[in-house]
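Report on the structure given below.
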Amino acid sequence: AGRQAAADDDRARVAAACRVMDDAGGQVPADDLAVAARCSRRQLSRAFAAVLGVTPRQYGRAVRTGRAREVLRAGASVGDAVWQAGYGSARGFYEEAGRRLGMSPAEFAAGARGRRLQWSATATRVGTVLVVVSPDGICAVRIDPDADPADPAAPLAEVRAELPHAELVRDDAALVHVTAAVQALARGEDAGAGLPLDVAGTAFQARVWQALREIPAGATRSYTEVAAAIGAPTSVRAVARACATNPVALVVPCHRVVRSDGALAGYRWGLAVKRSLVDAEREAAGAGAAS
């Protein structure tokens with residue numbers, strides 16, 4: 001009972017501090033956070049480590065970067081984003097936001113202008129899968145059961161809308177190993193562990209996505225179980241949002257997350273695709289265990 005009460009106190013403190021930073025749009029002085037959370041700075045740091053696995057400072061940075069992303073998407077200049085997101089200097093903005101956006105802020109604001117991204121599309125058992133790759137890794141995977149691999153108009157349009165000025169170059173030959181891997185993933189084979197990723201997200205999203213990659217092929221976890229696995233048991237809804245915003249389907253297997261009763265729940269690419277992927281993985285895992 002004592003441990004549960006202490007855990008409840010930690011969650012309440014973290015929730016109070018997070019609300020303050022969310023309202024402020026970024027970092028808040030540690031003393032002010034402690035007052036809001038009605039505890040000492042040391043107690044608050046321990047609570048953040050226990051509940052979210054990050055420090056209050058890291059959470060505040062993630063909030064601020066999220067605001068910068070919104071400002072840039074709205075068409076503001078980098079200079080405006082520096083000011084509106086609360087960065088103390090342009091250098092700080094570039095160093096921090098650049099890491100979290102996955103490209104420099106100027107590139108992101110310009111729709112990745114001048115950034116060369118290769119892409120390929122391939123037929124799989126769940127439909128056409130389009131893969132977009134930067135020099136650092138896979139940055140987008142889209143599934144479309146109705147698209148033509150030779151001309152995947154709809155999924156490619158999604159990528160172009162997000163990065164309208166990137167240089168998107170189709171190169172099936174260069175990405176043959178990547179497309180072979182996503183074909184294997186769609187067949188239920190556990191082929192995604194070694195694929196490098198180049199995705200942008202908050203610290204919380206990154207923890208969720210990593211947790212999803214650790215779910216064995218053929219197994220499923222509930223949103224509640226994923227939240228507990230990352231040390232944030234009260235963040236079930238946030239886990240669901242992180243799954244919904246997963247930019248690299250299949251490679252980060254958000255299809256392995258189900259409701260607490262085992263039923264399938266919302267999947268960006270449709271429940272039929274989700275069911276097919278789960279069933280294929282279970283069959284492949286069962287065949288492997290029997291051999």
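Lettering and numbering for the structure tokens are positional, with chains as A, B, ... in the shown order, residues counted from 1 in each chain, and ligands counted from 1 in the shown order.
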Against segment 138-161 of chain A, which residues of segment 213-260 of chain A fall within 12 Å? For each one I want the closest pair of atoms and the distance in Å (one decimal), counting only C-alpha atoms, rows by chain and increasing residue number, as JSON lines.
```
{"residue": "A:Thr245", "atom": "CA", "partner": "A:Ala140", "partner_atom": "CA", "distance": 11.2}
{"residue": "A:Asn246", "atom": "CA", "partner": "A:Ala140", "partner_atom": "CA", "distance": 9.0}
{"residue": "A:Pro247", "atom": "CA", "partner": "A:Ala140", "partner_atom": "CA", "distance": 5.4}
{"residue": "A:Val248", "atom": "CA", "partner": "A:Val141", "partner_atom": "CA", "distance": 4.4}
{"residue": "A:Ala249", "atom": "CA", "partner": "A:Val141", "partner_atom": "CA", "distance": 5.4}
{"residue": "A:Leu250", "atom": "CA", "partner": "A:Val141", "partner_atom": "CA", "distance": 7.6}
{"residue": "A:Val251", "atom": "CA", "partner": "A:Val141", "partner_atom": "CA", "distance": 8.0}
{"residue": "A:Val252", "atom": "CA", "partner": "A:Val141", "partner_atom": "CA", "distance": 9.6}
{"residue": "A:Pro253", "atom": "CA", "partner": "A:Val141", "partner_atom": "CA", "distance": 11.3}
```
Using only C-alpha atoms, determine which residues lie at most 12 Å from Ala47 of chain A, disregarding the query and same-chain residues fewer than 3 positions distant; provide the list as a count of residues only. 30
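Note that the spacing between atom CA of Gln183 of chain A and atom CA of Gly286 of chain A amounts to 19.0 Å.
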What separates atom CA of Trp119 of chain A and atom CA of Val182 of chain A is a distance of 13.0 Å
Please, what distance in Å, to one decimal, runs between atom CA of Gly188 of chain A and atom CA of Leu277 of chain A?
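So the answer is 6.3 Å.
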### Task
From segment 146-283 of chain A, collect each residue whose DSSP state is helix (DSSP H, G or I) and return the set as a PyMOL selection string.
chain A and resi 153-162+176-186+203-213+223-229+236-244+254-256+271-283
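Using only C-alpha atoms, the shortest contact distance between Pro164 of chain A and any of A:Cys243, A:Val126, A:Met21, A:Leu117 is found at A:Leu117.
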